[in-house]
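To start, the structure itself, in structure tokens.
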Amino acid sequence: MKFIIFFLGISTFCFSQKFTFIYEAKFRLNSEKPDDVNSDNMILDLKNNTSIFRDSQDKKSDSVKLNNGNGRYKMGVENQFYIKKNLTQKKIEKVITYLRTDYLLPIEEILNWKITSEQKMIGKYKSQKAETNYGGRNWIAWFTTELPFSDGPYVFNGLPGLIVSVQDSNNEYSFNLIEVKKGGNIFDARTKPIKIDWKKYETLAKSFFNDPYDINTKVAMGKTVTFTSPNGIVMDISVKTKEMQKNILQENNPIELNHKINYK
């Protein structure tokens, strides 16, 4: 009984602190180019059973925005990795920023974990294997009770310890813990998003595909839309639009494969 009380005391202490977990994310956005791998550092900030997962540029942009600046946000709708979690309420929400408007997409798919007996060392952490399905993919995760947080990268959570590594069975998406910082800085700059569902998400994505540079809005405001290349050559904006549409079609391997958008 003394041991149990001591353990619970440690867990309560840990969860009352702020932590930052940095993951190296690797992902293949084009299924037809298996050797074309994107890599980025993504950050999980955790405090009192709430967390925000975002890439390093998103966190910098949020910081600028909170200081009355204009953060730089990615173009497009797909392939954004911004996730908010409330572990106590078991609430997971994906934030999409499009044309400087924040949209909130609730993730209602339940993660049914199958914990196996297989164990191995990942870095300095003794880790155990678990499997689940999400987004039309099969996922293999490794968690450690040495970090007593029921959280992990992206939407993944719900195991009896922090997820230190997770990847899909096709090895197209992976998140691997590379650094732990105690006392990290957690802040939220996207506090007034518009709630949407997957159908509205698809509508936004198709809107971006049809008009990636928001030409229609600019023309309606009486603005002249041009594009100047780095060497100073003025280009027809329709040419740039077609280039962007080609890039969107090539990024045909979203993490939520069951919500892949058919643009044709």
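Identifiers for the structure tokens are assigned positionally: chains receive A, B, ... in sequence, residues are indexed from 1 per chain, and ligands are indexed from 1 in the order shown.
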>> as a PyMOL selection string, please: every residue in stretch 18-238 of chain A that DSSP puts in helix (DSSP H, G or I).
In response: chain A and resi 56-66+198-210+215-220+237-238
Using only C-alpha atoms, I'd like a table of the residues in stretch 42-120 of chain A that come within 12 Å of stretch 136-144 of chain A; for each, show the closest atom pair and its distance in Å rounded to one decimal, ordered by chain and ascending number, as a tab-separated table.
residue	atom	partner	partner_atom	distance
A:Glu109	CA	A:Gly136	CA	10.5
A:Leu111	CA	A:Trp139	CA	10.2
A:Asn112	CA	A:Trp139	CA	10.9
A:Trp113	CA	A:Ala141	CA	9.4
A:Lys114	CA	A:Ile140	CA	9.7
A:Ile115	CA	A:Ala141	CA	9.3
A:Thr116	CA	A:Trp142	CA	10.0
A:Ser117	CA	A:Trp142	CA	11.2
A:Glu118	CA	A:Trp142	CA	9.5
A:Gln119	CA	A:Trp142	CA	8.3
A:Lys120	CA	A:Trp142	CA	8.6
Saved selection, atoms kept: N, CA, C and O atoms, as a compact mmCIF listing (two decimals), in the first residue's frame:
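The result, written out as out.txt:
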# COMPACT_ATOMS: atom_id res chain seq x y z
N GLU A 109 -12.82 9.50 -34.00
CA GLU A 109 -12.41 8.10 -34.17
C GLU A 109 -11.72 7.62 -32.90
O GLU A 109 -10.79 8.25 -32.40
N LEU A 111 -9.40 5.28 -30.56
CA LEU A 111 -8.20 4.46 -30.66
C LEU A 111 -8.35 3.24 -29.75
O LEU A 111 -8.31 3.37 -28.52
N ASN A 112 -8.56 2.09 -30.35
CA ASN A 112 -8.65 0.85 -29.59
C ASN A 112 -7.28 0.17 -29.59
O ASN A 112 -6.92 -0.48 -30.57
N TRP A 113 -6.54 0.32 -28.50
CA TRP A 113 -5.18 -0.18 -28.44
C TRP A 113 -5.14 -1.66 -28.08
O TRP A 113 -5.90 -2.13 -27.23
N LYS A 114 -4.24 -2.37 -28.72
CA LYS A 114 -3.92 -3.75 -28.34
C LYS A 114 -2.48 -3.74 -27.84
O LYS A 114 -1.53 -3.58 -28.61
N ILE A 115 -2.32 -3.90 -26.52
CA ILE A 115 -0.99 -3.88 -25.92
C ILE A 115 -0.41 -5.30 -25.95
O ILE A 115 -1.05 -6.25 -25.50
N THR A 116 0.79 -5.43 -26.49
CA THR A 116 1.44 -6.74 -26.57
C THR A 116 2.47 -6.87 -25.44
O THR A 116 2.75 -5.92 -24.72
N SER A 117 3.04 -8.04 -25.35
CA SER A 117 4.06 -8.28 -24.32
C SER A 117 5.47 -7.92 -24.81
O SER A 117 6.43 -7.95 -24.03
N GLU A 118 5.59 -7.57 -26.09
CA GLU A 118 6.91 -7.29 -26.66
C GLU A 118 7.50 -6.00 -26.09
O GLU A 118 6.81 -4.98 -26.01
N GLN A 119 8.77 -6.05 -25.73
CA GLN A 119 9.45 -4.89 -25.16
C GLN A 119 10.81 -4.70 -25.81
O GLN A 119 11.41 -5.66 -26.32
N LYS A 120 11.30 -3.46 -25.79
CA LYS A 120 12.65 -3.18 -26.25
C LYS A 120 13.07 -1.81 -25.73
O LYS A 120 12.24 -1.02 -25.27
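Using only C-alpha atoms, the residues found no farther than 7 Å from stretch 188-198 of chain A, other than those of its own chain fewer than 2 positions away, are Asp62, Lys65, Leu66, Asp102, Tyr103, Leu104, Leu105, Lys200, Tyr201 and Glu202 of chain A.
Contact shell of A:Tyr263 at 9 Å (only C-alpha atoms; same-chain neighbours under 3 positions omitted): Ala205, Lys206, Phe209 and Leu249 of chain A.
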